[in-house]
Amino acid sequence: MDSIDVLLFEHSIIRLKSKELSEIKNAVDGFIPLNDFVINCHAKHEDEIVFPILMKKEENDQGFEKYVKRISADHKLIATLGDNIARWINEKNFEMLQRRIPLYFKTLLEHNLNEEKDIFVRWKPEYAASFKHIIISFGTEKYRSITGASEEMISKYFL
């Protein structure tokens, strides 16, 4: 599978999980693994593979490069907010969770939509690059538990 196909698949998973985990009772158990996936697998795939390739291919478009760097910087914002939410989950600070979990998912979903509308559309099949090391370093079992992808799907199409 191509990087963009996998990232779009992951965006769909994130959209589904965001509905489930927006409820505090579900977030207490499920938020930390999802945030780990978002930061240490999904965003890493974008930052280490897709964004550099696209910026190189589109190097004459300074506006696009600046936009991609801003979108990439969003990953740090999302990571910081996610780390804070994880801390509040561990502290059982339900007041902060009630206020910040919706912000986390609003920010993440808008971010993903911007990637889909403005960045991923510039990807071409000939830009393909291996991303299997990202999934392997994240952990294939952790990846499967978050995405619901079968072992066969991962081994045949992703690795």
# chains A, B, ... in the order shown; residues from 1 in each chain; ligands from 1

call {"tool": "closest_atom_pairs", "arguments": {"of": "stretch 81-129 of chain A", "to": "stretch 9-13 of chain A", "cutoff": "12 Å", "atoms": "only C-alpha atoms", "output": "CSV"}}
result
residue,atom,partner,partner_atom,distance
A:Phe105,CA,A:His11,CA,12.0
A:Leu108,CA,A:His11,CA,9.7
A:Leu109,CA,A:His11,CA,8.3
A:Glu110,CA,A:His11,CA,10.9
A:His111,CA,A:His11,CA,10.2
A:Asn112,CA,A:His11,CA,6.7
A:Leu113,CA,A:His11,CA,8.6
A:Asn114,CA,A:His11,CA,11.4
A:Glu115,CA,A:His11,CA,9.9
A:Glu116,CA,A:His11,CA,9.0
A:Phe120,CA,A:His11,CA,11.8

call {"tool": "select_by_dssp", "arguments": {"residues": "stretch 4-96 of chain A", "states": "alpha helix (DSSP H)", "output": "ChimeraX atom specification"}}
result
/A:4-21,24-37,43-45,51-57,62-91,94-96

call {"tool": "closest_atom_pairs", "arguments": {"of": "stretch 125-149 of chain A", "to": "stretch 52-65 of chain A", "cutoff": "10 Å", "atoms": "only C-alpha atoms", "output": "CSV"}}
result
residue,atom,partner,partner_atom,distance
A:Tyr127,CA,A:Ile53,CA,7.2
A:Ala128,CA,A:Ile53,CA,9.1
A:Ala129,CA,A:Ile53,CA,8.9

call {"tool": "write_last_selection", "arguments": {"atoms": "N, CA, C and O atoms", "output": "mmCIF file, in the first residue's frame"}}
result
data_model
loop_
_atom_site.group_PDB
_atom_site.id
_atom_site.type_symbol
_atom_site.label_atom_id
_atom_site.label_comp_id
_atom_site.auth_asym_id
_atom_site.auth_seq_id
_atom_site.Cartn_x
_atom_site.Cartn_y
_atom_site.Cartn_z
ATOM 1 N N TYR A 127 5.927 8.631 -5.923
ATOM 2 C CA TYR A 127 6.652 9.108 -4.749
ATOM 3 C C TYR A 127 6.793 8.020 -3.678
ATOM 4 O O TYR A 127 7.368 8.264 -2.624
ATOM 5 N N ALA A 128 6.249 6.854 -3.948
ATOM 6 C CA ALA A 128 6.198 5.780 -2.944
ATOM 7 C C ALA A 128 7.547 5.559 -2.267
ATOM 8 O O ALA A 128 8.598 5.600 -2.907
ATOM 9 N N ALA A 129 7.478 5.347 -0.965
ATOM 10 C CA ALA A 129 8.668 5.067 -0.150
ATOM 11 C C ALA A 129 8.241 4.103 0.948
ATOM 12 O O ALA A 129 7.101 4.122 1.390
#

call {"tool": "residues_around", "arguments": {"residues": "A:Glu23", "least_positions_apart": "3", "cutoff": "12 Å", "atoms": "only C-alpha atoms", "output": "mmCIF file with C-alpha atoms, in the first residue's frame"}}
result
data_model
loop_
_atom_site.group_PDB
_atom_site.id
_atom_site.type_symbol
_atom_site.label_atom_id
_atom_site.label_comp_id
_atom_site.auth_asym_id
_atom_site.auth_seq_id
_atom_site.Cartn_x
_atom_site.Cartn_y
_atom_site.Cartn_z
ATOM 1 C CA LYS A 17 -12.025 6.536 17.818
ATOM 2 C CA SER A 18 -12.605 10.252 18.459
ATOM 3 C CA LYS A 19 -16.355 9.671 18.740
ATOM 4 C CA GLU A 20 -15.849 6.805 21.161
ATOM 5 C CA ASN A 26 -14.131 5.648 27.490
ATOM 6 C CA ALA A 27 -11.213 8.075 27.387
ATOM 7 C CA VAL A 28 -9.876 6.877 30.720
ATOM 8 C CA ASP A 29 -9.016 3.498 29.178
ATOM 9 C CA GLY A 30 -8.554 4.292 25.498
ATOM 10 C CA PHE A 31 -7.071 7.755 25.148
ATOM 11 C CA PHE A 94 -12.157 14.841 35.408
ATOM 12 C CA LEU A 97 -10.566 16.078 30.988
ATOM 13 C CA GLN A 98 -14.102 17.325 30.390
ATOM 14 C CA ARG A 99 -12.697 20.604 29.036
ATOM 15 C CA ARG A 100 -9.647 19.408 27.109
ATOM 16 C CA ILE A 101 -10.601 16.105 25.474
ATOM 17 C CA PRO A 102 -13.054 17.856 23.103
ATOM 18 C CA PHE A 105 -10.174 15.837 19.115
#

call {"tool": "closest_residue", "arguments": {"among": "A:Ala43, A:Val121, A:Ile154, A:Leu16", "to": "A:Ile71", "atoms": "only C-alpha atoms"}}
result
A:Ala43

call {"tool": "atom_distance", "arguments": {"atom1": "atom CA of A:Lys25", "atom2": "atom CA of A:Arg87"}}
result
15.5 Å

call {"tool": "closest_residue", "arguments": {"among": "A:His75, A:Pro33, A:Asp83, A:Phe138", "to": "A:Leu21", "atoms": "only C-alpha atoms"}}
result
A:Pro33

call {"tool": "closest_residue", "arguments": {"among": "A:Ser130, A:Lys142, A:Lys92, A:Met1", "to": "A:Asn35", "atoms": "only C-alpha atoms"}}
result
A:Lys142

call {"tool": "residues_around", "arguments": {"residues": "A:Ile135", "least_positions_apart": "3", "cutoff": "9 Å", "atoms": "only C-alpha atoms", "output": "list of chain:residue names"}}
result
A:Cys41, A:His42, A:His45, A:Phe131, A:Lys132, A:Phe138, A:Gly139, A:Thr140, A:Tyr143, A:Phe158, A:Leu159

call {"tool": "closest_residue", "arguments": {"among": "A:Glu151, A:Asp74, A:Asp118, A:Asp47", "to": "A:Ser3", "atoms": "only C-alpha atoms"}}
result
A:Asp47

call {"tool": "closest_residue", "arguments": {"among": "A:Ser145, A:Ser72, A:Tyr104, A:Tyr157", "to": "A:Ile49", "atoms": "only C-alpha atoms"}}
result
A:Ser72

call {"tool": "atom_distance", "arguments": {"atom1": "atom CA of A:Lys156", "atom2": "atom CA of A:Ser137"}}
result
17.5 Å

call {"tool": "atom_distance", "arguments": {"atom1": "atom CA of A:Ile134", "atom2": "atom CA of A:Ile119"}}
result
20.1 Å
